[in-house]
Structures are given as structure tokens and as C-alpha cells.
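Working notes, beginning with the structure itself.
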2 protein chains.
Amino acid sequence: MRRPLTARVRLVQMEVLPGRPRENTARILREISSARADGVELVAFPELAVPGYLLGDAWEQPAFLRECEACGGRIREASQGLVVAFGNVAVDWARCNEDGRPRKYNALFFAADGAFHGPDGVPQPFVVKTLLPNYREFDESRHFFDLRKLALEAGVDPRDWLRPVRVRGLTIGGLLCEDAWDGDYAVTPLTELARHDVDCFLNASCSPFTRNKNHKRNRIFDARARAAGRPLLYVNCTGLQDIGKTVYTFDGESCIYDGCGHQTGGLAPFEDGVITAEIPLRGGVAFGQNVKLSDDETPSIAAALLYGTRRFMQRLAVERVVVGASGGIDSAVVAAIYGHLLPPERLLLLNMPSHFNSRTTIGLARELARNLGCRYADVPIENSVELTREQFAGLVVQGPTGTHAGLPLSTAALENVQARDRSGRVLAAAAAAFGGVFTCNANKTELTIGYTTLYGDLGGWLANLADLWKGEVYALARHLNDVTYAHAVIPEGCFTVTPSAELSLDQAVDEGKGDPLVYPYHDCLFRAWVERWQRATPEELLTWYRDGVLEREIGYDGCVAELFPTVQAFVTDVERWWNAYQGLGVAKRIQAPPVLAVSRRAFGFDHREAQFGPQYTEAYSTLRQKLLGQVNVNHK
Amino acid sequence: MRRPLTARVRLVQMEVLPGRPRENTARILREISSARADGVELVAFPELAVPGYLLGDAWEQPAFLRECEACGGRIREASQGLVVAFGNVAVDWARCNEDGRPRKYNALFFAADGAFHGPDGVPQPFVVKTLLPNYREFDESRHFFDLRKLALEAGVDPRDWLRPVRVRGLTIGGLLCEDAWDGDYAVTPLTELARHDVDCFLNASCSPFTRNKNHKRNRIFDARARAAGRPLLYVNCTGLQDIGKTVYTFDGESCIYDGCGHQTGGLAPFEDGVITAEIPLRGGVAFGQNVKLSDDETPSIAAALLYGTRRFMQRLAVERVVVGASGGIDSAVVAAIYGHLLPPERLLLLNMPSHFNSRTTIGLARELARNLGCRYADVPIENSVELTREQFAGLVVQGPTGTHAGLPLSTAALENVQARDRSGRVLAAAAAAFGGVFTCNANKTELTIGYTTLYGDLGGWLANLADLWKGEVYALARHLNDVTYAHAVIPEGCFTVTPSAELSLDQAVDEGKGDPLVYPYHDCLFRAWVERWQRATPEELLTWYRDGVLEREIGYDGCVAELFPTVQAFVTDVERWWNAYQGLGVAKRIQAPPVLAVSRRAFGFDHREAQFGPQYTEAYSTLRQKLLGQVNVNHK
């Protein structure tokens, strides 16, 4: 009998619901039936498609693990007449993880004809993930035991256990996500598997959306597939999963790299669907065509934010939303996002003016509500703020040294009273009365330096824009007007008005007074601290400044010398914001709402930090002293 | 020449300041001088004594790493005439971590006579930590490369690289913290080192206070030392380090296990100091004496909370504190903690009554302030809450279908308005006016089920009691009165009044109405969900209930049948709180203040969770149906 030249495979890009194994399994079982009916020989599902991926510490519940195992058993039983590859947690109840709990593997199962089929000569009847990512939001080694530790324990070289699975005439190199992103590891699973004569590689992933990630994946996976000369099937999930403070969307983008430099895909990001293809078996020929990727990130960021917001609303059963609309760009973008997802009567915009708010911004908030056709109300905060001011001025404080009259509030304290009055008093109560939630409109630039008030504008159920720099908020606003709505729902005035908190006379927008930031520059400066893989500190900034390469290093289009006429002015600015970023900024982020992540470094679980205060290296102090010609260095 | 029979060693129990290598190094250099003057042959410092341990992602800053390396160089230069063992980060700039950043080791350095001395036959001139803990708050594999990966990369069995360091005539088995807590690992460093003929083992640690941890450590370390028949020197740091949401104290408790079942220590927990001892070299004799440990945890918890609060205040330069004093036990305990740490004029207690508050609790708050001799004021919230109620009732909302009058607040909504008025309006403004911070008085029982208001009583700079169950708060209160103050600063009425939020007529304490919890039972129930190493879920609870072993399993002294007359009542209660714990409770904890940790499972970084909602296993549903005799199971 001649071996067939091709095999029909199907990748199922599905939304995986975290923590809901029964629902995920029901979906998988339906897909198996339909694959069998369509003559598919191998149907593949994403990594951890049964339990979900970002589950916090739910992996420590034995009851949950037993449920996942039972679901895996149902899938095994349903695998008559085809190969079903799917991700699940595998539990070895008899052996310990390094935390003393039952041992768990992030596993890729191959079920066929009612049985599980593991790699050649490996004791486990499933593929054990070899490379467990342990950076950014990834934290797999907390719960899972990897192939390297398993091999070490058995006295085997882990490379000897990287073998293909042979099942129903197919030879498949099974990989789980990171196993193919192997550039920084001593063990490279795909390369090891390629030593055996495989028909194809299958990479089952649960990989969140990150801007530009797909470009990088295409480069790496395509190179790996070409080096091996065999197709690489990549199946990723869609959906939304969170790790408390940080919320991730999963974009899918499943595809097939054919081993000859071509890629077959075609599913829209964030949408469920299947890819069915005839792949050439060993000795077969190339197929497929190139897929062109766009370089402009804004459309994909907009898609991720809209998708993530919609899914998060569904997940938490949120059907009505209140947005504090100041007339500025941030709240306008947030309102436009929800306006796109909700019927207009379920979106309520509140403008909450004090006497510091300009007619300009009040008018813009109203215009925005009109454009969205949603609900709108004015809720002045003047009387409430005045009541607080008076109450504190008239307070009687008993003390160890007698009775004092008054605990007066300073101007700065009253600015924060206004912010808390708006969110902690008005928006929180309005959300309750309206039967919904209120939003946090903070952007990443503000959140970096804590230019926001705790229990005030930093409150909210979700911080939609907190992973976008200010400049990116403007770009997103344009995209919402031009593409998403295809008309100007966000008033032009929101783009041109001076960004300002309008909490005092020093922040009068009609006089061009506003936030103490030059956004195009400070966006770049802060990005160097937060997002650079080798993270910059004041030491690097001052070095680059001295060497005349600052603009290039931080990606700033303008000229730093125009912003800061002297070294002293430059240094003062850097230290002011570094102190804020590493000081009160940390305290504020600890109590901030969940952040919807789009960058490769979002605040929260992806950006761990502690309250040890702003620090400067000795090398910085030395350089600073040299450049300023000063002897006394006066910083914390 | 005869080999000497003993060596003089010194363990330096010092406060390590996180992120401040220059300050830590200055302290280390002073201790080296004094050790040399005292004729010490080996002076040992804690793990990561130069950089600190809980630093979030500061490990990603190359500038910080360079600074740590330079500090290590200074210690090396200062090591003339003795052996200096200290923990620091070691960087291999030429090789990659698995995250693509420069490779970092958690390393134990042995410096002597101006040079570093590594283990016999190992390429690195320092001890590389073998076992990196990756559970609870520990997260070392995120940043550090371990000896197992290093050996795998080099094609060496890691056991072959577990060798002692030979320096100045001493043979020392160097270990870092987890390396000796090896029960759940395939590689056991201490056992491997014991195959070589060592004079002593040195375990340098950075190990946070956890209740009962020292009992366990004594058991394990003593057994290891006895098995090897050689002394084990244990040096741990003091101080306070945090990982954002969760704040840890380090208790020191350094000591020497002599290898014959005895232990020498004598330093008080949370205090800096040194242990100097003559240890027998190979062929020498036993020494030391047993140290008796107490079984009552309350004194050590009180010590940890007082120490941690004081250090956190110093770290963040907090000198004045405002406490919202309701008359209940939680706020009384918090006030007593700060009253012990602050001069009375820097502590301000505010009672913020509405018409729901009883004379009983108002009187207790005043009595507490009198007992503490601190500042005190009444700040009624009635007018402000009424203003909000009226403003919402009179609001005009424009909408897509016309104009609506009023957005009235329900009774439940008004309860939360009161809570936010107290914290978000009054306490936050009072803290600003007073020049300090305000506290969060939530306990662990409330925080588990989110029985607290966001931006209300869940606000504050630090949640001192959020790792104590309600019953433990009472025990701590007794300890503060009986021991810390040695007189009754917390009024007896605070112990006997019904615990209540006093936000509605349904919570009238003088009628015995209060919180919807039977604290002695619910403390135990919630502990089974949160703190059990194999975490319980409703499935286990219902199984234990069926089997009549619930009380024993959860450690409840009473009888569950007396609380719940029917199965239905039991099930309803479990599901109510499970839904709260896994539902809104998660959302609230995400925005909660930092928690001062004392248990072996504190909320925050030690208890990762995601917002995927309350889930029940199929096994639970089946069992529930069987016990209730119902067909329709109605839960989320």
C-alpha cells in the first residue's frame, strides 16, 4: 500500500473560557464531530484548551484538576477515527511538584481511537511542555513541572525525550507555545524533533495579543519550518483572560507555515473559526501563499481594545456603563469605545464641573454625548466640595495638649478632594443607580508618574487606556473617528484642547495652561523606563544626553535641547519624574484598576514593583556632578 | 602543624534595605572591620545582602546590576585576613537568561584576602543557588538562572557541581535559603555537599516571617545537620521588603544547628545583632544548647505587625496617621498599633457617625482615643450623604429617548455612599490636612468575601490586619492590652459589641444585629479556601459535610449542625460566600491596599487570582443534587 501524499488537517481557533473546563470541552466535542464528518485526519486545539491558561492559583485546587482530567477523558473517548490534539493539564497525583503539591504538566494530548498516544519511548502518554516562560506576565513554572526537570529526575538527557508522536500513520512533532520560541534556551525542542523524520510540527498555543508579536512569530516560526523543511501548524486561542491587575486578549491568528517560506491563514484576529488544509506528508510538495502583514499598529490595537472591553463586559455581566466625560481626549476615547459596544441608552456620560472647568471642555463633553447619542447629565461638584472645605475648616480636634479648631485643607489638598468627589462620590454612586460600572480613563503616561488621584480618577472597573501612551491615545481617537465610526464622534476640539486636569487656576485650558508634561517627549522618556527590554534608568538617560544620542535612543522625533535650555533643566525634569515613577506612582498603581494590556509591558502583573523608593546609582551621581559642575548632589 | 580544633565564626543578622546596595555595603564593610578586630575567621551575611531580595523587576535594570557588582568588589577588597561570606547578584553579561536579558545568579560569595573563592572544580567563583523557590510570594526563576539549568547547558550532572568551598583552611558547604528546604526537589544540595568532608554548612537566607515557619525550619535544618553530623550556620536578615500588594517582614532568627541536636541562637526576632561562636572543626566536639520555642503564635504575630508597620512608616516617610475609629474591634486594634509607634499628637482618630451609628460605638471610639491619649474628632457624614442623595434625586439626564428626571439611590447604594464618604471624602482629606496617611482596617475574613466598599473602607495606605482572621484580631487585641501596653487601651466594650458595619437599620448593634457572619465558623471555612496547601472548594466542603468530618477538616471547634439546621441551609451559606470570594471579592482585592503578611498565604502576590467568576465542579453538582434530592441545580 502506498503512503498517501497529503493529510487533511484542521486547526480550531476557539475562544477558551478560563476556569470553565466543562464548557470548553463541550465546544471541543462539537468540533471533533464536525471534523470527523468532514474527513479530517488531524484536528488540533490550542494549549490548555480544556482548563484555560491565566487562572491565578486555581491550579492548587485538586477538585478543579480532577474536573479537567475527567474532561480530557471525554475527549479521548470521542476520538474514534481521527487524531485529536488538544492542550490540557496533566496531573501525576503520585509525585510532587517542587511546591509539595501534586505534580502538574502543561501537556499536549494526542487522542485517537479512544486512547492517548505519547511521544516515542517517553513514559508519559502526552507531550510535556519543555520551555515554561517565566518573564512578563508568564509564570508557568509556578505551577507546572517541565520536561527538563522530569528528565533530570530520571537521569535522562531531556533531548532524548523530545520525540515525535506516531499515531494513525502520521508522525507529528508536538510543541506547546514557548517550545518553538526557543532562541534564549539551551534546549531547543523544535530542532530536536526535526532530527526525526516528522510529517509536520504542531504548535498549540495560548498566546496573548501583544503589538508586533505576530511579526516576530512569523519570522521565527517561518525560519524554523524552513530549516526543517516541514509544515508547522500553529493553533492559538481567542478570548480574554486576566491575572487580576492585568487583562489580556488572545487574538488567535492561527496559521500554517508550509516549510517553504509560505504561510496559510486567513482567519481574522479575535474571531473564532477553523483552518482546514491538505498538508503534504514526507515527500509531498509545497503549498500555500504569503500573507501580507500591515505595519501600522493602531488598527490592531483598536481591535484588541474593542474585543477585550466587550469580552470583559460579558465575563463580568456588565451591561451599563458610566463615563466621567471631562471634554478631554482620554475620556472621549473611552466613551467612544463603550459607545461602539453598547446601545446608546446604556451609556451614561457625566460632566462634573467645578468653577475651574472651562466652557470649552464642558461644551466638548456635551458635543461628544450628542455625537454618540447616549445619555448625559451635568453633575456639578461645587456644593459638595464646599461642604467638605467648610466641614474641615470648622472641625474641632481634641488632643493631648488641648482642643484645636479647624483642620484646613490646602489648595493642593482641595484639588484631590475634587477628583475624589467626582469618582468616589458621584461616579461610584451613579454606577450603582444606573445599574452598571464606571470607567477609569487614565493613560499610561499619567499612570507611570502617578499623575492621578487615588479613589478619584484612578478609580473604575477597568482602565481601558492604561497601556497606551498619550500620543497613542490621540492616534486611537483618529482611528475610531475615521474607521470604527467612519464619522467624527470625538469632537475635533478634543484633539486640539490643551490637556489639563482643570483642578485649579493654574490649569486653565483657554489660556493654554495644562498638564506639566510635554507629551511627545515624556511618552518616549517614560517608555525607556517602562518598556525597554534592558530597562533604562537616569544613569542611561544622562549618558545618552551627554553623548548627544538621547533622541535616537528613546525614539523622540524632536530636539531635547529645545525643551531644556540647560543641563540643569534636563536633570531636574528627569529626577522629578523618576522620583514620581518610583515613588508615589508605585503606591498608586498598587491600588489601580485592572489594565487592559496591549504593549509588551503593561502595568500590573507584567511589571512587578516594590515600594523601596526612587534610587540613583553611584555612576549616575558621578556623571551628574561632572555635567553640572556641582559638588553637592541633592536627591533622595 | 596540627589543624586547630575550632574556628571562630560570626553570623551578622542585619536589616537589608531593598534596592539600596551602597547602604547595605557600607554596613557590611563596618561589620567586616569589627569581625577582623575580634579575631573572627568566618563572618557571614544573609542572602542577597547587597541588593535586597524583593525588588519587583528592578533586576532588569543593567545600571542597578552594575552597581551591585561594584559593591561586591568593595567587599572583596575588604576581605584581608578573614573569610567573608555574603549574598549578592552575580551577572554573566556574556550569556543570556531565558528571557533574553543578561544572565543573573542568586549567588553566595566567599571573599578572602582580596579574592573570590568558588566551590572546588566549578567554573563560577561563587556558589550558584540550586533551588529557586517558585511558589507563594517567591518568584526567583523569573530573574535568576539556577545551577540545574547551568549544569544542563554544560552537559554536567548538577550534583557534580555541588562541592564545598575551601578557603583559608576551612571547608564550607555553601547554601542559599531554599537549597536546604529540599524535601520536594529531585536534587538535594545539602545531602550532596555532605558527601564531601565539610567543616560546616552555611545557609545564607533572606526568609520572611511566616507564622510557624521557624518551627518547621528548626525541624528540617536540625535533621539535616544531624544527618551530616556537622554544624549548620543559618544567617537570615531582618527588615521589611514588599512586592507591591504584599508586604513582608524579615525576622532574622539566625542560629547555629550544631549537628548533635542542639541549637544556639539567642537573638531576638526582628532585631539586628551578631552571633559569635567557636564551632568544632572536623574531629571536634559538640557544643550549644537547646532553644525552647513557644507554641502561642499571637506574640510573634504582634511583634511582626508592630515591626512591619514601623518599618513601612520609615520606608515611606510617614510620620502622622489618621484612623477612622468606628468603635469596633478592627479599628481599635489598628489605632492601638499606631498608638504604640507614634507620639500621641501624631495620631488622629476620627469617628464619622451617621444616624445609623449607636451611642455605644461612638462612646467606644471616644474611650479608645482617651486611653491612647491621641487626637480625636467627630466628623458627621449626615449632611454630605444627604447632599449626594438629593443631588441624585434631582438629576436631569438627557438621553436618546428624551429627558429623565432623577437617578435615585437605593438603600444598598446609600450604604456604599456612606462608606465612601467616610474614606474617600473625609479620611483622605484629613490625611492630607494632617500631613499623613489614613489606614485600612479590613481583616482577612472581610477581604475574602469582599465585605467591604471599594474607595470606602477598603481604601488606605496599608491594610495592617488584612492577613488576620477575625478571631485572630480579637486575640491580638488581648495581647496588645495585656502585654504590649500592659493596660486596657482597647475598651472592653470593643470585645463584646456585636461586629457591624452600622450602615443601615438592619445592622443595629444595640439590638445584637450586625455582620452576616458567624465568625468562629466562617473564619475556618474561608481559611480552608485560602490557606490550605491543597486548596478546598465547595466540592470538598460538601464531601466532608456528608461524611461528618467537616469540623475536624476545617478546624472548627463548634458543631456545624447547630449553625445550619438543614443541608439546604448549609449549601446556601457555602455558595453565598464562595460566589462572593470568587466574584466581587476578586475585583475588590485587585484594588485593595498593600497587605502586611503574617500567614503562609496572604492576599496579593502570594494569592494570585483572576476574574473568571465562581465555578463549581461537576462532582460538586452531582453531590449537591444527591444530598438535596433536587433535580435542578441553580448556581452560577
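Simple scheme: letters A, B, ... for chains in C-alpha cells order, numbers from 1 for residues in each chain, numbers from 1 for ligands in the order shown.
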With a distance cut-off of 9 Å and only C-alpha atoms, select the neighbouring residues of stretch 564-574 of chain A, excluding the residue or stretch itself and same-chain residues fewer than 3 positions from it, and output the selection as an mmCIF file with C-alpha atoms, in the first residue's frame.
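Produced file out-v6.cif, reproduced below:
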```cif
data_model
loop_
_atom_site.group_PDB
_atom_site.id
_atom_site.type_symbol
_atom_site.label_atom_id
_atom_site.label_comp_id
_atom_site.auth_asym_id
_atom_site.auth_seq_id
_atom_site.Cartn_x
_atom_site.Cartn_y
_atom_site.Cartn_z
ATOM 1 C CA LEU A 525 11.209 59.110 28.177
ATOM 2 C CA PRO A 538 18.529 58.061 34.916
ATOM 3 C CA LEU A 541 19.492 58.910 30.144
ATOM 4 C CA LEU A 542 22.226 61.212 31.337
ATOM 5 C CA TYR A 545 22.249 63.111 26.812
ATOM 6 C CA VAL A 560 15.781 67.785 23.512
ATOM 7 C CA ALA A 561 17.875 70.953 23.575
ATOM 8 C CA TRP A 577 9.585 62.185 37.036
ATOM 9 C CA TRP A 578 11.867 59.359 38.131
ATOM 10 C CA ASN A 579 11.010 60.241 41.743
ATOM 11 C CA ARG A 624 25.567 64.296 37.131
ATOM 12 C CA LEU A 627 27.974 67.636 33.941
ATOM 13 C CA LEU A 628 26.584 70.133 36.400
#
```
Residue contacts of B:Pro593 (12 Å, only C-alpha atoms) excluding same-chain residues fewer than 4 positions away, as a PyMOL selection string: (chain A and resi 454-455+586-593) or (chain B and resi 244-247+438-442+447+454-466+588-589+603-604)
Go ahead and save the picked residues with N, CA and C atoms, as a compact mmCIF listing (two decimals), in the first residue's frame.
```
# COMPACT_ATOMS: atom_id res chain seq x y z
N LEU A 454 -5.76 58.81 43.76
CA LEU A 454 -6.31 57.57 44.30
C LEU A 454 -7.74 57.80 44.78
N TYR A 455 -8.60 56.83 44.57
CA TYR A 455 -10.02 56.92 44.94
C TYR A 455 -10.72 58.04 44.18
N VAL A 586 4.22 54.14 42.35
CA VAL A 586 4.10 52.72 42.71
C VAL A 586 2.90 52.54 43.64
N ALA A 587 2.82 53.38 44.66
CA ALA A 587 1.72 53.27 45.64
C ALA A 587 0.37 53.38 44.92
N LYS A 588 0.29 54.27 43.95
CA LYS A 588 -0.98 54.44 43.25
C LYS A 588 -1.29 53.24 42.36
N ARG A 589 -0.28 52.72 41.67
CA ARG A 589 -0.54 51.57 40.79
C ARG A 589 -0.99 50.33 41.58
N ILE A 590 -0.49 50.21 42.81
CA ILE A 590 -0.90 49.05 43.61
C ILE A 590 -2.41 49.02 43.79
N GLN A 591 -3.03 50.18 43.86
CA GLN A 591 -4.47 50.24 44.08
C GLN A 591 -5.24 50.64 42.81
N ALA A 592 -4.58 50.58 41.67
CA ALA A 592 -5.24 50.94 40.42
C ALA A 592 -6.16 49.82 39.94
N PRO A 593 -7.10 50.14 39.06
CA PRO A 593 -7.99 49.12 38.48
C PRO A 593 -7.21 48.20 37.53
N GLY B 244 4.85 45.04 46.07
CA GLY B 244 3.67 45.81 45.71
C GLY B 244 2.53 45.57 46.67
N LYS B 245 1.70 44.64 46.32
CA LYS B 245 0.47 44.40 47.07
C LYS B 245 0.70 43.72 48.40
N THR B 246 1.84 43.08 48.57
CA THR B 246 2.04 42.27 49.77
C THR B 246 3.37 42.67 50.40
N VAL B 247 3.32 42.92 51.71
CA VAL B 247 4.46 43.48 52.42
C VAL B 247 4.95 42.46 53.43
N PHE B 438 -3.95 57.68 55.88
CA PHE B 438 -5.00 57.03 56.67
C PHE B 438 -4.92 55.52 56.47
N THR B 439 -5.49 54.80 57.40
CA THR B 439 -5.30 53.34 57.44
C THR B 439 -6.50 52.60 56.87
N CYS B 440 -6.24 51.38 56.42
CA CYS B 440 -7.30 50.45 56.05
C CYS B 440 -7.41 49.42 57.18
N ASN B 441 -8.58 49.27 57.73
CA ASN B 441 -8.75 48.43 58.91
C ASN B 441 -9.37 47.07 58.60
N ALA B 442 -9.43 46.70 57.33
CA ALA B 442 -10.09 45.44 56.94
C ALA B 442 -9.35 44.23 57.50
N LEU B 447 -12.08 40.58 53.79
CA LEU B 447 -11.43 40.73 52.49
C LEU B 447 -11.66 39.49 51.62
N LEU B 454 -15.23 49.39 48.01
CA LEU B 454 -14.13 49.97 47.25
C LEU B 454 -14.18 51.49 47.36
N TYR B 455 -13.01 52.12 47.46
CA TYR B 455 -12.89 53.57 47.62
C TYR B 455 -13.53 54.02 48.93
N GLY B 456 -13.99 53.06 49.74
CA GLY B 456 -14.54 53.35 51.06
C GLY B 456 -13.61 52.73 52.09
N ASP B 457 -14.17 51.84 52.93
CA ASP B 457 -13.33 51.26 53.98
C ASP B 457 -12.22 50.38 53.43
N LEU B 458 -12.24 50.08 52.12
CA LEU B 458 -11.13 49.33 51.54
C LEU B 458 -9.96 50.24 51.13
N GLY B 459 -10.12 51.56 51.28
CA GLY B 459 -9.02 52.46 50.98
C GLY B 459 -8.03 52.54 52.13
N GLY B 460 -6.87 53.10 51.86
CA GLY B 460 -5.88 53.31 52.92
C GLY B 460 -4.48 53.02 52.43
N TRP B 461 -3.49 53.45 53.20
CA TRP B 461 -2.10 53.31 52.74
C TRP B 461 -1.57 51.90 52.97
N LEU B 462 -2.11 51.21 54.01
CA LEU B 462 -1.64 49.87 54.36
C LEU B 462 -2.78 49.18 55.08
N ALA B 463 -2.98 47.90 54.78
CA ALA B 463 -4.01 47.12 55.47
C ALA B 463 -3.30 46.26 56.51
N ASN B 464 -3.19 46.79 57.72
CA ASN B 464 -2.40 46.14 58.77
C ASN B 464 -2.94 44.77 59.17
N LEU B 465 -4.27 44.64 59.17
CA LEU B 465 -4.88 43.42 59.72
C LEU B 465 -5.39 42.48 58.64
N ALA B 466 -5.09 42.78 57.38
CA ALA B 466 -5.74 42.05 56.31
C ALA B 466 -5.21 40.63 56.13
N LYS B 588 -12.47 43.45 44.21
CA LYS B 588 -12.12 44.37 45.29
C LYS B 588 -10.67 44.21 45.72
N ARG B 589 -10.20 42.95 45.80
CA ARG B 589 -8.81 42.75 46.21
C ARG B 589 -7.82 43.34 45.21
N PHE B 603 -3.16 37.65 50.96
CA PHE B 603 -3.71 38.16 49.70
C PHE B 603 -2.68 39.02 48.99
N GLY B 604 -2.78 39.05 47.68
CA GLY B 604 -1.85 39.84 46.89
C GLY B 604 -0.96 38.91 46.09
```
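Near B:Arg195, within 10 Å and counting only C-alpha atoms, sit Leu162, Arg163, Pro164, Leu190 and Ala228 of chain B, not including residues fewer than 5 positions from it in the same chain.
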Nearby residues (only C-alpha atoms) at most 10 Å from stretch 78-84 of chain B, same-chain spacing under 6 positions excluded, as a count of residues only: 29
Nearby residues (only C-alpha atoms) at most 12 Å from stretch 59-63 of chain A, same-chain spacing under 5 positions excluded, as JSON, numbers by chain: {"A": [18, 19, 21, 51, 52, 53, 54, 68, 69, 70, 88, 89, 90, 91, 92, 93, 97, 99, 100, 101, 102, 103, 104, 105, 106, 140, 141, 142, 143, 144], "B": [135, 136, 528, 529, 530, 531, 532, 533, 534, 535, 536, 537, 538, 539, 540, 541, 542, 543, 607, 608, 609, 610, 615, 616, 617, 618, 619, 620]}
Strand (DSSP E or B) per DSSP on the backbone: members of stretch 310-451 of chain A, as a PyMOL selection string: chain A and resi 321-324+347-351+375-378+396-399+402-405+437-438+440
Selected residue of minimal separation from A:Ala369 among B:Arg315, B:Glu345, B:Asp515, B:Pro400, counting only C-alpha atoms: B:Pro400
Contact residues around A:Arg320 with only C-alpha atoms at 10 Å, ignoring same-chain residues under 2 positions, as a PyMOL selection string: chain A and resi 313+317-318+322+338+342-348+431+434-438
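Interatomic distance, atom CA of B:Leu306 to atom CA of B:Asn443: 16.1 Å.
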